Each structure stands twice: as structure tokens, then as C-alpha cells.
Amino acid sequence: MNVEPWDCFGLENGIENGMKKRMKFAVVLLFLLLGSVVNAQLPQQTFPGSTPETTGQTETPPADFSSSTLTPAQRRDSIRRAKLAGLARNKGETEYYYDLYMQSGLPQFDTMVFVLDGFQKYDPTYQHGDFRNSRGSLGMPDQLIEFNPRQTSGFNHRTNPYTSWFYTQENTPFLQTKTPYTYLYFVNNFGQDLNFFRAIHNQNVARGLNVGIDFRVYDVYGPYNNSQSNQYNVGVTGNYITRDSKYRILFGYIHNVAAVGENGGMKTDSVFTENMETNRLRVPVYMNNAKSRWRENKYFFKQSYHFYDNQKDTIAENNRSFGFLTHAFEIQDFYFFYRDQTTLADGLYDNFYLNPSESRDKSWMMKMTNRVFYSSADMEKIPFGYAFKFAAGFKNEYIRWHDQMSFQQWIQWFPFAQVQIDFADRFVFDAYLDFGFGGYNQFDFSGRAMFKYLFKNDAQRTLSMRDGIAVQLGVNRFEPDWIYTYHASNHFYWNNDWQKNMEAYAQFKFNLKGWWLRGKAGLLQNYTFLKKDGPVQAEKEFFLVNVVGGKSLRIGKYIGMDNLLMFAYSSAPEYLHVPLFSMQENVYGIIPIKDIAEVQVGVEVMYNTSYYADAYSPATTSYYWQDEVKTGNFVMLNVFLNFKVKRANLFVKGVNIAQGLFGYNYIQTPHYPLWDRCVRFGVSWRFFD
């Protein structure tokens, strides 16, 4: 039976017009908000820059209502924060936080200190600060090549190939600003079709209530036939904290759209690697008219109520806490559409199940999640003030999925609990366990236990961010992602009944003054992965090890370095390939110009050893295992000039300046070369009313 439920949304014939209308509306709304900040002035000693991960900055102390361990200064600050209900202290000072999974109380604030270090390195149109298998053209799907074990159980439709480009709750900041805050960012390639624009506006509309909008759009047409990528992302956020700091809520809406040309890659790599054709539009590709659309909407909030006795004059001392009740809610609406006009003669696909000359594949999913739990104290808050803490609750998921031929829905429950023991605010034992009932993830579970030693009694950071040494052991049992179980399209069909996957892993973490190192070793059983013709399950157990570390540092006054290194090993390359060594290195000189400007001139080097990198399938927008083509073992060399003057940051970057010097083998994903030599320009500007 052929079902066309998407026509009621007008997505098939009107998706491009709908995207344009939504984009115009978002731009109009954004600039109405920006109108009030045209004449904004930047406070002294506040400069644009990067995130806490790149600066190593510390947070201001949070409120704590059982603060027998607080110093007098911390106690006064807690009282002040409660009175201000989360507002920043001074005019022009903006603070922000990222919410954590088991955090219940007042958010951990971090003062926004803007520096120039790494400005061009963390350009979101260029790279994402981790090791990913890239298709070359900006905005294209990519793949994380570092092993990350699961942390909680639940339904997963598939790995999102746009994770590094899309907005999520995890990468969305929630701000509290005393005065309106605006951020503008633009990037362009000289002589090439790349335009990127981003604008953010946040302001407090009432005491304790902050709202904001974040809009981002870029158009990349690419040097090859049918290699365009057009994306836009919208995030609307808000957070509210009551005067007595008992109740807080985070809420938001995220809209992500990716429209990508799918050419299937080069038909013959030697045309590129031997530099037989310098005009990239003449390099033969598999498909000249295929495209995919990925659309995602997320609606979410998280609210928490703190039970404590506030009969005393102060809330930071001598008031008894009775714990937190927290409720989190999320709706995720996902739509995927793929279309090509290709035949067997093109050579990319072997099967044509529905139509011999045209594919029109669609799938849709809605997932609604409720999470409710009680915690005796905030599990992330430092200082603890408790020798023993616990949290317990449940997660409920409702999933509805369908494509052109099938419909599925599930309801499933996951009770979970966490225990934390604190020894003198230096030694921490933390354990977590959840278990699945019903639905697709029946009898799944996730469990872990961590022991962490904190280097100092630093009350300014959460447990996750505190400097220390941590060792974690964990085990996960889970059903493979839904795309491995069922998929029906013009080129692929499968309907499988898998054994559950198992992960047993050990993890080591070290953090000290901005230096960090993490190592992970996992034993994988029934590992499920894609090959060219469909998913398979590993017939034997194997283990995987990777170690990643880095540091951004200054050497004296005039030299800076950013380091990122990774070592990886798989005992079963017949199931999983990884590069033995990968690196990203930034070295730059610093030229201060009095107190108003700073210039950085530097070079960036990227390298990884050769290996059989996963290839890419356009019809499934997924990466798959292959052992025919090795990639890697090339140096990507870039030079840059960063410039900061008062309220603005600028950069000019020469990308792949060594093109041709060491050959033309700069391919990371098979059949998809990285960018040719080009010059990129970017500017960012921040305003504080």
C-alpha cells in the first residue's frame, strides 16, 4: 500500500517556498529585535571571543541553600544572586550557562569573557573543534570518529549526520543579561559562493525572565556539480527564575533545515588526485539532479522547584532544604526527503525497488519525552554540603514513525536513579542506572559508576567541570537504532530482527588548569553497522580504544598555541575502522596595539594517518563501512590573521595554501575531496546596551 501522508503538510511541492517564507519571517522578526541596539556601546574590557572550553575561565559561585561549607564571600554572593533572581551584576555584564541533564537548582553561571584566541579556528562554517569525517563542502553531513558510549537509554531513530551543524538543547546557551545583548557574525569566501550570517539577540523583559532569538543561515554552492548546501537554523529561548529562587524554568524552540545536493561523489578519483582536470565543474560525478531535505523541530522546557524552609532572614544560611522536584518535556518532529532521477547505468545504486528512473523517498518521526524526578539536592552543584545525595524518577517516551509503506508507534518507560557520595568535598562517588519497559527498547538498560578526585576545594564549578581525575566504568544494553531494523526506499529495503547491542567500557578523564585528557576503552558485542548494501551485525566481540587530549595556552606574552590530539585503535577493522593518529594544531604570534587592539598571525595544521574511512550513501544520508579506498595521510595547511579592535573581531584565512605541494590526495571521505585553495573573511560584532 502506498501512503502519502506528507501531502497534507505541502512538503512535497512547497518545501522550498515554505523555507523562503519562514526565512523571511525570521529575518524580519530578528531585525525588529535588533532595532533597539543600533547605537549600542561596548563596556570597557569586554571583548568578543570563544567559549569556556577554549579560555579555561572559571564560573562565579552559584546559590546554595545548605551552605555550611560556604565562605562568607560566597554566602554574600548567594544572597545577592537570590535577590537578583539570576540577573547579571553590572550594566553590560552578561552571564550564561548550559543546562545539565541531572541539574535541578539554580543554573551555574559563567561570565562571558570574550578573547581573540581561536576566533577563526572555531568559525562554525569551517570546523567544529573535534575529529569528524568530512565530505569537504561546508554544511554537508559529517561523522564523529571518536568512540562515545551511551549515557542513557531510550529510542534513537538514527545518528543525525548534521549534528555538528544543527542547533540542539546541548549547544544552546540560556542567558541572563542586565542589558540587551546582540551578536552579529558574517563570513564570506573571496571568489567563491559561500555566504554565512548569524545574529543573536537576548534581553531581560522582566526581573528574572530572559528571552532570546538566534538565527543562522548559510548558502554554499560548492565547486562540483550538484554540491550545494543550504541551511538555516532558528533558536528561540527563554528562562525564568523567581525572586526567592525556588522555581526556575528553561524553555525553547529549535528549527533546523538542511537542503543538500547529493552528487554521489566523483566517479573516478584519479581525475582529481592526478590533477587531470582543474575545472571542478568538469569532474564527472554520479548524479547531477539528486537532493535531500532534512527538517527538524524541537519544542522543550525544563522546570524545577526547590523545597526549602525560608523562615530565616537569609536564604544562604540556616535554612533547611527538602530537595528538588524537576520535570522536563520535549517534542521532536523530524522529516526526511530524498529525491533523485538516476538509473542503473549511472552506477551508484544496484537496486531499484519502486521506480527504475526516479526516487522519491520520505520518512517522518515524532518523539515526545517526559522526564520527572526528585533529587535530595542538586546532583551537579558544588560545594555539596551533603555526604549523601540521591535522585530517582522516570522517563516516558512516545514515538510515532512512518514512511511511504509502514507505520509504527511505541510507548515506553525508563525508571532511573542516581546516588552520589561526597567525602570532604574532594572525593566523589557517583552511580547511575536506568531500565527500559515496553516499546522498541524493552529491557534496555544503562549503568555507570564514577569515582572522581577533585584537585582543590573549588566552589565555583559544577561536578562535571571541576578539575580532577575521574575513572568511570559502565555497561549498556540497547536495541540498535531504528534505521538498522527497518528501512524501505527505492534503492534499499530491509526488515531485521537483531540481538541487542552491548557496551562495556572504562573511561578516564583528567582536567587541570585548562589541560585535559580523556581515554576510553570499550568492549563491543553485537555491534551493528551499515555496509554498502545494508546493515549487518558483528559476529564476534571486539574492543576499541581512543585517547584524546588538548590545551589552549600562551607561551609568554607573544605566542599562543591550540593543541588537539587523538590516538585510536580497533581490534576488528573488519567491523570498524579508525585512524591511528589525528591532530589539529594552531600556532600564532600575538601583537598587542596599546589597549585597544590585538593582532594574531598564525598557521593551522591538520593531519590524520591513512585508513579506510567510512563512505557516504546519499539515499540514506548515512556513512557505511568500506575497505576499498584509503584516505588520509595528507597535511591540510591554513594561515590566518586575527584582528580585534574594541567591539569587533575580524579574520582573514588562507585555506589549503599548500594545495598541490604534497599532491592532490586531500580526501577525507572517499570520493569527496576537501576544499581547494581559497581565501575566507569573517567578522563578528557584539553590542551591549
# chains A, B, ... in the order shown; residues from 1 in each chain; ligands from 1
>>> select_by_dssp(residues="region 359-418 of chain A", states="strand (DSSP E or B)", output="PyMOL selection string")
chain A and resi 359-375+388-403+407-418
>>> residues_around(residues="Asp214 (chain A)", least_positions_apart="3", cutoff="12 Å", atoms="only C-alpha atoms", output="count of residues only")
39
>>> residues_around(residues="Tyr624 (chain A)", least_positions_apart="4", cutoff="9 Å", atoms="only C-alpha atoms", output="PyMOL selection string")
chain A and resi 529-532+534-535+613-617
>>> select_by_dssp(residues="region 431-593 of chain A", states="helix (DSSP H, G or I)", output="JSON, numbers by chain")
{"A": [482, 483, 484, 485]}
>>> atom_distance(atom1="CA of Leu144 (chain A)", atom2="CA of Trp165 (chain A)")
12.3 Å
>>> atom_distance(atom1="CA of Lys452 (chain A)", atom2="CA of Gly468 (chain A)")
6.8 Å
>>> atom_distance(atom1="CA of Gln418 (chain A)", atom2="CA of Asn148 (chain A)")
20.6 Å
>>> closest_residue(among="A:Val679, A:Ile331, A:Leu544, A:Ala538", to="Asn297 (chain A)", atoms="only C-alpha atoms")
A:Ile331
>>> closest_residue(among="A:Leu523, A:Leu325, A:Ala619, A:Ile421", to="Thr342 (chain A)", atoms="only C-alpha atoms")
A:Ala619
>>> residues_around(residues="Gln525 (chain A)", least_positions_apart="6", cutoff="6 Å", atoms="only C-alpha atoms", output="PyMOL selection string")
chain A and resi 501-502+541
